[in-house]
Amino acid sequence: MPPKQSKRDTIQQPLPRLGPEPYLELMDQTALAETDRQLARIGLFLLWTSDNTLDAIDLDLAAYGLTESKLDLLLLLTLHQSQAQMSPSMIADRLGIRRASVTSLLDWTEQRGWIIREHSSIDRRKIHVRITEAGSHLVQQVLPVFWSSCASLASILEPEEQIVFLRIIEKIHHHMEDKLGVGR
């Protein structure tokens, strides 16, 4: 008969934090010779920071039943309300996600009454998406919390650091938009 497991043994423990060192050691073992290690390290921290940034924003938006990606959709529709024919594929291209992900996002927001999908009066095969009054009301309610959440991300920086960091992050942002051929 196998030994009886205690309740503590059956609860899954989180993985221990490793810190950057094991990743940097792995980079030294596996990166191409011409890869600049300092730039790779900066890129790694940018990647980790972007993941953590989304998690932090999602925590602040959870009270509204939203995530950053769902709010991003609602903001896109809000800012492009004059674009009478916003299609799911246009949304996917702008948000940088797959068409299937957009469909799921649209299903979720439509079920809550925040967006509607309508067939084109010219071509019934085409679908257009627009934000509803309820969706617009939600966006207006959430935006003050969202902006506070954004501000909190860099609140540890001194005023001089903020100026330098803003120049750097905008430069990286524009570089990524150019590289991907997409922009806000």
# chains A, B, ... in the order shown; residues from 1 in each chain; ligands from 1
$ residues_around --residues "A:Val145" --least-positions-apart "3" --cutoff "8 Å" --atoms "only C-alpha atoms" --output "PyMOL selection string"
chain A and resi 60-61+142+148-149
$ write_last_selection --atoms "all heavy atoms" --output "mmCIF file, in the first residue's frame"
data_model
loop_
_atom_site.group_PDB
_atom_site.id
_atom_site.type_symbol
_atom_site.label_atom_id
_atom_site.label_comp_id
_atom_site.auth_asym_id
_atom_site.auth_seq_id
_atom_site.Cartn_x
_atom_site.Cartn_y
_atom_site.Cartn_z
ATOM 1 N N ASP A 60 -5.918 45.542 -11.967
ATOM 2 C CA ASP A 60 -6.681 46.764 -11.727
ATOM 3 C C ASP A 60 -8.008 46.787 -12.489
ATOM 4 O O ASP A 60 -8.964 47.412 -12.045
ATOM 5 C CB ASP A 60 -5.845 47.997 -12.084
ATOM 6 C CG ASP A 60 -4.701 48.220 -11.101
ATOM 7 O OD1 ASP A 60 -4.761 47.677 -9.978
ATOM 8 O OD2 ASP A 60 -3.753 48.943 -11.457
ATOM 9 N N LEU A 61 -8.063 46.111 -13.626
ATOM 10 C CA LEU A 61 -9.289 46.091 -14.436
ATOM 11 C C LEU A 61 -10.249 44.974 -14.028
ATOM 12 O O LEU A 61 -11.408 44.971 -14.454
ATOM 13 C CB LEU A 61 -8.947 45.946 -15.919
ATOM 14 C CG LEU A 61 -8.161 47.094 -16.551
ATOM 15 C CD1 LEU A 61 -7.842 46.768 -18.009
ATOM 16 C CD2 LEU A 61 -8.913 48.410 -16.440
ATOM 17 N N VAL A 142 -14.223 53.091 -16.793
ATOM 18 C CA VAL A 142 -12.961 52.387 -16.568
ATOM 19 C C VAL A 142 -11.733 53.274 -16.815
ATOM 20 O O VAL A 142 -10.708 53.098 -16.156
ATOM 21 C CB VAL A 142 -12.890 51.127 -17.461
ATOM 22 C CG1 VAL A 142 -11.514 50.501 -17.445
ATOM 23 C CG2 VAL A 142 -13.933 50.120 -17.045
ATOM 24 N N SER A 148 -4.762 55.686 -14.090
ATOM 25 C CA SER A 148 -4.054 55.585 -12.802
ATOM 26 C C SER A 148 -3.165 54.348 -12.765
ATOM 27 O O SER A 148 -2.040 54.383 -12.261
ATOM 28 C CB SER A 148 -5.049 55.529 -11.638
ATOM 29 O OG SER A 148 -5.715 56.755 -11.511
ATOM 30 N N SER A 149 -3.669 53.259 -13.313
ATOM 31 C CA SER A 149 -2.901 52.022 -13.369
ATOM 32 C C SER A 149 -1.661 52.212 -14.244
ATOM 33 O O SER A 149 -0.563 51.780 -13.880
ATOM 34 C CB SER A 149 -3.783 50.888 -13.891
ATOM 35 O OG SER A 149 -3.123 49.663 -13.801
#
$ residues_around --residues "A:Leu75" --least-positions-apart "6" --cutoff "12 Å" --atoms "only C-alpha atoms" --output "mmCIF file with N, CA and C atoms, in the first residue's frame"
data_model
loop_
_atom_site.group_PDB
_atom_site.id
_atom_site.type_symbol
_atom_site.label_atom_id
_atom_site.label_comp_id
_atom_site.auth_asym_id
_atom_site.auth_seq_id
_atom_site.Cartn_x
_atom_site.Cartn_y
_atom_site.Cartn_z
ATOM 1 N N GLU A 68 -6.785 43.835 -20.089
ATOM 2 C CA GLU A 68 -6.231 44.869 -20.964
ATOM 3 C C GLU A 68 -6.629 44.620 -22.410
ATOM 4 N N SER A 69 -6.626 43.376 -22.853
ATOM 5 C CA SER A 69 -6.958 43.089 -24.258
ATOM 6 C C SER A 69 -8.425 43.404 -24.565
ATOM 7 N N GLN A 81 -14.997 55.343 -33.860
ATOM 8 C CA GLN A 81 -16.451 55.289 -34.058
ATOM 9 C C GLN A 81 -16.866 55.873 -35.404
ATOM 10 N N ILE A 91 -9.813 44.765 -37.041
ATOM 11 C CA ILE A 91 -9.542 44.761 -35.600
ATOM 12 C C ILE A 91 -8.352 43.850 -35.294
ATOM 13 N N ARG A 94 -5.106 45.531 -36.351
ATOM 14 C CA ARG A 94 -4.714 46.649 -35.485
ATOM 15 C C ARG A 94 -4.246 46.168 -34.115
ATOM 16 N N LEU A 95 -4.923 45.168 -33.571
ATOM 17 C CA LEU A 95 -4.551 44.673 -32.246
ATOM 18 C C LEU A 95 -3.391 43.679 -32.292
ATOM 19 N N TRP A 114 -21.650 45.018 -24.933
ATOM 20 C CA TRP A 114 -20.740 46.140 -25.089
ATOM 21 C C TRP A 114 -20.405 46.447 -26.547
ATOM 22 N N ILE A 115 -20.623 45.480 -27.421
ATOM 23 C CA ILE A 115 -20.419 45.694 -28.862
ATOM 24 C C ILE A 115 -21.551 44.994 -29.601
ATOM 25 N N ARG A 130 -19.313 47.550 -33.943
ATOM 26 C CA ARG A 130 -19.329 48.874 -33.324
ATOM 27 C C ARG A 130 -19.615 48.740 -31.840
ATOM 28 N N ILE A 131 -19.186 49.725 -31.104
ATOM 29 C CA ILE A 131 -19.398 49.746 -29.667
ATOM 30 C C ILE A 131 -20.824 50.212 -29.384
ATOM 31 N N GLY A 135 -21.299 49.814 -23.853
ATOM 32 C CA GLY A 135 -19.853 49.683 -23.974
ATOM 33 C C GLY A 135 -19.154 51.024 -23.801
ATOM 34 N N SER A 136 -19.719 52.069 -24.395
ATOM 35 C CA SER A 136 -19.154 53.418 -24.256
ATOM 36 C C SER A 136 -19.217 53.877 -22.805
ATOM 37 N N HIS A 137 -20.317 53.574 -22.133
ATOM 38 C CA HIS A 137 -20.459 53.940 -20.725
ATOM 39 C C HIS A 137 -19.398 53.218 -19.887
ATOM 40 N N LEU A 138 -19.193 51.949 -20.156
ATOM 41 C CA LEU A 138 -18.182 51.178 -19.431
ATOM 42 C C LEU A 138 -16.795 51.778 -19.646
ATOM 43 N N VAL A 139 -16.462 52.114 -20.879
ATOM 44 C CA VAL A 139 -15.153 52.692 -21.181
ATOM 45 C C VAL A 139 -14.958 53.981 -20.376
ATOM 46 N N GLN A 140 -15.980 54.839 -20.347
ATOM 47 C CA GLN A 140 -15.867 56.090 -19.590
ATOM 48 C C GLN A 140 -15.687 55.831 -18.094
ATOM 49 N N VAL A 142 -14.223 53.091 -16.793
ATOM 50 C CA VAL A 142 -12.961 52.387 -16.568
ATOM 51 C C VAL A 142 -11.733 53.274 -16.815
ATOM 52 N N LEU A 143 -11.831 54.216 -17.734
ATOM 53 C CA LEU A 143 -10.642 54.976 -18.129
ATOM 54 C C LEU A 143 -9.904 55.660 -16.973
ATOM 55 N N PHE A 146 -7.866 53.005 -15.445
ATOM 56 C CA PHE A 146 -6.838 52.577 -16.393
ATOM 57 C C PHE A 146 -5.662 53.552 -16.405
ATOM 58 N N ARG A 184 -0.367 52.062 -33.538
ATOM 59 C CA ARG A 184 -1.592 52.469 -32.836
ATOM 60 C C ARG A 184 -2.169 53.616 -33.564
#
$ atom_distance --atom1 "atom CA of A:Glu110" --atom2 "atom CA of A:Leu71"
13.2 Å
$ atom_distance --atom1 "atom CA of A:Ala33" --atom2 "atom CA of A:Arg17"
28.2 Å
$ select_by_dssp --residues "stretch 20-172 of chain A" --states "strand (DSSP E or B)" --output "PDB file with N, CA, C and O atoms, in the first residue's frame"
ATOM      1  N   ILE A 115     -20.623  45.480 -27.421  1.00  0.00           N
ATOM      2  CA  ILE A 115     -20.419  45.694 -28.862  1.00  0.00           C
ATOM      3  C   ILE A 115     -21.551  44.994 -29.601  1.00  0.00           C
ATOM      4  O   ILE A 115     -22.238  44.142 -29.029  1.00  0.00           O
ATOM      5  N   ILE A 116     -21.723  45.364 -30.859  1.00  0.00           N
ATOM      6  CA  ILE A 116     -22.638  44.600 -31.720  1.00  0.00           C
ATOM      7  C   ILE A 116     -21.954  44.369 -33.061  1.00  0.00           C
ATOM      8  O   ILE A 116     -21.140  45.166 -33.509  1.00  0.00           O
ATOM      9  N   ARG A 117     -22.303  43.230 -33.646  1.00  0.00           N
ATOM     10  CA  ARG A 117     -21.844  42.896 -34.988  1.00  0.00           C
ATOM     11  C   ARG A 117     -23.051  42.985 -35.899  1.00  0.00           C
ATOM     12  O   ARG A 117     -24.112  42.447 -35.582  1.00  0.00           O
ATOM     13  N   GLU A 118     -22.866  43.644 -37.007  1.00  0.00           N
ATOM     14  CA  GLU A 118     -23.959  43.821 -37.965  1.00  0.00           C
ATOM     15  C   GLU A 118     -23.486  43.400 -39.353  1.00  0.00           C
ATOM     16  O   GLU A 118     -22.334  43.638 -39.713  1.00  0.00           O
ATOM     17  N   HIS A 119     -24.385  42.807 -40.113  1.00  0.00           N
ATOM     18  CA  HIS A 119     -24.070  42.472 -41.499  1.00  0.00           C
ATOM     19  C   HIS A 119     -24.129  43.738 -42.339  1.00  0.00           C
ATOM     20  O   HIS A 119     -24.972  44.606 -42.111  1.00  0.00           O
ATOM     21  N   ILE A 127     -19.153  41.578 -42.110  1.00  0.00           N
ATOM     22  CA  ILE A 127     -19.641  41.948 -40.778  1.00  0.00           C
ATOM     23  C   ILE A 127     -18.891  43.192 -40.315  1.00  0.00           C
ATOM     24  O   ILE A 127     -17.675  43.305 -40.513  1.00  0.00           O
ATOM     25  N   HIS A 128     -19.636  44.098 -39.688  1.00  0.00           N
ATOM     26  CA  HIS A 128     -19.054  45.309 -39.124  1.00  0.00           C
ATOM     27  C   HIS A 128     -19.304  45.308 -37.619  1.00  0.00           C
ATOM     28  O   HIS A 128     -20.317  44.805 -37.143  1.00  0.00           O
ATOM     29  N   VAL A 129     -18.361  45.867 -36.904  1.00  0.00           N
ATOM     30  CA  VAL A 129     -18.428  45.879 -35.446  1.00  0.00           C
ATOM     31  C   VAL A 129     -18.479  47.319 -34.963  1.00  0.00           C
ATOM     32  O   VAL A 129     -17.779  48.188 -35.491  1.00  0.00           O
ATOM     33  N   ARG A 130     -19.313  47.550 -33.943  1.00  0.00           N
ATOM     34  CA  ARG A 130     -19.329  48.874 -33.324  1.00  0.00           C
ATOM     35  C   ARG A 130     -19.615  48.740 -31.840  1.00  0.00           C
ATOM     36  O   ARG A 130     -20.194  47.749 -31.390  1.00  0.00           O
ATOM     37  N   ILE A 131     -19.186  49.725 -31.104  1.00  0.00           N
ATOM     38  CA  ILE A 131     -19.398  49.746 -29.667  1.00  0.00           C
ATOM     39  C   ILE A 131     -20.824  50.212 -29.384  1.00  0.00           C
ATOM     40  O   ILE A 131     -21.380  51.027 -30.129  1.00  0.00           O
TER      41      ILE A 131
END
$ closest_residue --among "A:Ile122, A:Gly19, A:Tyr64, A:Arg37" --to "A:Gln141" --atoms "only C-alpha atoms"
A:Tyr64
$ atom_distance --atom1 "atom CA of A:Ile163" --atom2 "atom CA of A:Ala151"
13.8 Å
$ residues_around --residues "A:Leu44" --least-positions-apart "3" --cutoff "12 Å" --atoms "only C-alpha atoms" --output "ChimeraX atom specification"
/A:19-21,23-24,27,37-41,47-51
$ write_last_selection --atoms "N, CA and C atoms" --output "PDB file, in the first residue's frame"
ATOM      1  N   GLY A  19      15.325  34.135 -10.721  1.00  0.00           N
ATOM      2  CA  GLY A  19      16.067  35.353 -10.989  1.00  0.00           C
ATOM      3  C   GLY A  19      16.671  35.284 -12.379  1.00  0.00           C
ATOM      4  N   PRO A  20      17.359  36.320 -12.790  1.00  0.00           N
ATOM      5  CA  PRO A  20      17.871  36.361 -14.163  1.00  0.00           C
ATOM      6  C   PRO A  20      19.100  35.492 -14.420  1.00  0.00           C
ATOM      7  N   GLU A  21      19.858  35.168 -13.398  1.00  0.00           N
ATOM      8  CA  GLU A  21      21.144  34.487 -13.618  1.00  0.00           C
ATOM      9  C   GLU A  21      21.051  33.183 -14.413  1.00  0.00           C
ATOM     10  N   TYR A  23      18.930  32.299 -16.606  1.00  0.00           N
ATOM     11  CA  TYR A  23      18.589  32.658 -17.984  1.00  0.00           C
ATOM     12  C   TYR A  23      19.812  33.230 -18.700  1.00  0.00           C
ATOM     13  N   LEU A  24      20.570  34.046 -17.991  1.00  0.00           N
ATOM     14  CA  LEU A  24      21.766  34.635 -18.594  1.00  0.00           C
ATOM     15  C   LEU A  24      22.829  33.577 -18.858  1.00  0.00           C
ATOM     16  N   MET A  27      21.695  31.834 -21.884  1.00  0.00           N
ATOM     17  CA  MET A  27      21.975  32.682 -23.039  1.00  0.00           C
ATOM     18  C   MET A  27      23.437  32.531 -23.454  1.00  0.00           C
ATOM     19  N   ARG A  37      25.282  40.374 -25.970  1.00  0.00           N
ATOM     20  CA  ARG A  37      24.729  39.871 -24.704  1.00  0.00           C
ATOM     21  C   ARG A  37      24.025  40.971 -23.905  1.00  0.00           C
ATOM     22  N   GLN A  38      24.566  42.167 -23.920  1.00  0.00           N
ATOM     23  CA  GLN A  38      23.947  43.278 -23.198  1.00  0.00           C
ATOM     24  C   GLN A  38      22.569  43.597 -23.794  1.00  0.00           C
ATOM     25  N   LEU A  39      22.487  43.660 -25.116  1.00  0.00           N
ATOM     26  CA  LEU A  39      21.204  43.935 -25.773  1.00  0.00           C
ATOM     27  C   LEU A  39      20.218  42.800 -25.542  1.00  0.00           C
ATOM     28  N   ALA A  40      20.709  41.555 -25.555  1.00  0.00           N
ATOM     29  CA  ALA A  40      19.829  40.415 -25.286  1.00  0.00           C
ATOM     30  C   ALA A  40      19.278  40.494 -23.866  1.00  0.00           C
ATOM     31  N   ARG A  41      20.111  40.892 -22.930  1.00  0.00           N
ATOM     32  CA  ARG A  41      19.666  41.031 -21.538  1.00  0.00           C
ATOM     33  C   ARG A  41      18.598  42.127 -21.432  1.00  0.00           C
ATOM     34  N   LEU A  47      10.876  41.989 -22.243  1.00  0.00           N
ATOM     35  CA  LEU A  47       9.866  40.941 -22.395  1.00  0.00           C
ATOM     36  C   LEU A  47       9.211  40.621 -21.055  1.00  0.00           C
ATOM     37  N   TRP A  48      10.016  40.415 -20.032  1.00  0.00           N
ATOM     38  CA  TRP A  48       9.469  40.129 -18.707  1.00  0.00           C
ATOM     39  C   TRP A  48       8.627  41.292 -18.193  1.00  0.00           C
ATOM     40  N   THR A  49       9.105  42.513 -18.436  1.00  0.00           N
ATOM     41  CA  THR A  49       8.365  43.700 -17.981  1.00  0.00           C
ATOM     42  C   THR A  49       7.032  43.816 -18.705  1.00  0.00           C
ATOM     43  N   SER A  50       7.006  43.484 -19.991  1.00  0.00           N
ATOM     44  CA  SER A  50       5.735  43.562 -20.722  1.00  0.00           C
ATOM     45  C   SER A  50       4.730  42.551 -20.178  1.00  0.00           C
ATOM     46  N   ASP A  51       5.200  41.346 -19.863  1.00  0.00           N
ATOM     47  CA  ASP A  51       4.310  40.336 -19.261  1.00  0.00           C
ATOM     48  C   ASP A  51       3.772  40.822 -17.919  1.00  0.00           C
TER      49      ASP A  51
END
$ select_by_dssp --residues "stretch 36-139 of chain A" --states "alpha helix (DSSP H)" --output "ChimeraX atom specification"
/A:37-61,68-79,88-95,99-111,133-139
$ decode --residues "stretch 9-25 of chain A" --atoms "N, CA, C and O atoms" --output "compact mmCIF listing (two decimals), in the first residue's frame"
# COMPACT_ATOMS: atom_id res chain seq x y z
N ASP A 9 1.03 17.78 0.70
CA ASP A 9 1.66 17.16 -0.48
C ASP A 9 0.79 17.29 -1.72
O ASP A 9 1.30 17.31 -2.83
N THR A 10 -0.52 17.34 -1.53
CA THR A 10 -1.42 17.39 -2.69
C THR A 10 -1.62 18.80 -3.21
O THR A 10 -2.07 18.98 -4.32
N ILE A 11 -1.30 19.82 -2.41
CA ILE A 11 -1.40 21.20 -2.87
C ILE A 11 -0.17 21.52 -3.70
O ILE A 11 0.96 21.32 -3.26
N GLN A 12 -0.42 22.00 -4.90
CA GLN A 12 0.69 22.29 -5.78
C GLN A 12 1.41 23.56 -5.32
O GLN A 12 0.79 24.60 -5.13
N GLN A 13 2.70 23.46 -5.13
CA GLN A 13 3.51 24.59 -4.72
C GLN A 13 3.96 25.35 -5.96
O GLN A 13 4.25 24.74 -7.00
N PRO A 14 4.04 26.68 -5.87
CA PRO A 14 4.52 27.45 -7.04
C PRO A 14 5.99 27.15 -7.30
O PRO A 14 6.73 26.75 -6.39
N LEU A 15 6.38 27.32 -8.54
CA LEU A 15 7.79 27.16 -8.88
C LEU A 15 8.62 28.22 -8.17
O LEU A 15 8.18 29.36 -8.04
N PRO A 16 9.80 27.86 -7.72
CA PRO A 16 10.64 28.86 -7.04
C PRO A 16 11.14 29.90 -8.04
O PRO A 16 11.30 29.61 -9.23
N ARG A 17 11.36 31.11 -7.56
CA ARG A 17 11.93 32.15 -8.41
C ARG A 17 13.38 31.80 -8.71
O ARG A 17 14.11 31.36 -7.83
N LEU A 18 13.76 32.03 -9.95
CA LEU A 18 15.13 31.75 -10.34
C LEU A 18 15.97 33.02 -10.44
O LEU A 18 17.19 32.97 -10.31
N GLY A 19 15.33 34.14 -10.72
CA GLY A 19 16.07 35.35 -10.99
C GLY A 19 16.67 35.28 -12.38
O GLY A 19 16.54 34.28 -13.09
N PRO A 20 17.36 36.32 -12.79
CA PRO A 20 17.87 36.36 -14.16
C PRO A 20 19.10 35.49 -14.42
O PRO A 20 19.34 35.10 -15.56
N GLU A 21 19.86 35.17 -13.40
CA GLU A 21 21.14 34.49 -13.62
C GLU A 21 21.05 33.18 -14.41
O GLU A 21 21.83 32.99 -15.35
N PRO A 22 20.14 32.25 -14.09
CA PRO A 22 20.09 31.02 -14.89
C PRO A 22 19.75 31.29 -16.36
O PRO A 22 20.26 30.62 -17.26
N TYR A 23 18.93 32.30 -16.61
CA TYR A 23 18.59 32.66 -17.98
C TYR A 23 19.81 33.23 -18.70
O TYR A 23 20.05 32.92 -19.88
N LEU A 24 20.57 34.05 -17.99
CA LEU A 24 21.77 34.64 -18.59
C LEU A 24 22.83 33.58 -18.86
O LEU A 24 23.53 33.63 -19.88
N GLU A 25 22.94 32.60 -17.96
CA GLU A 25 23.86 31.48 -18.19
C GLU A 25 23.42 30.68 -19.42
O GLU A 25 24.24 30.29 -20.25
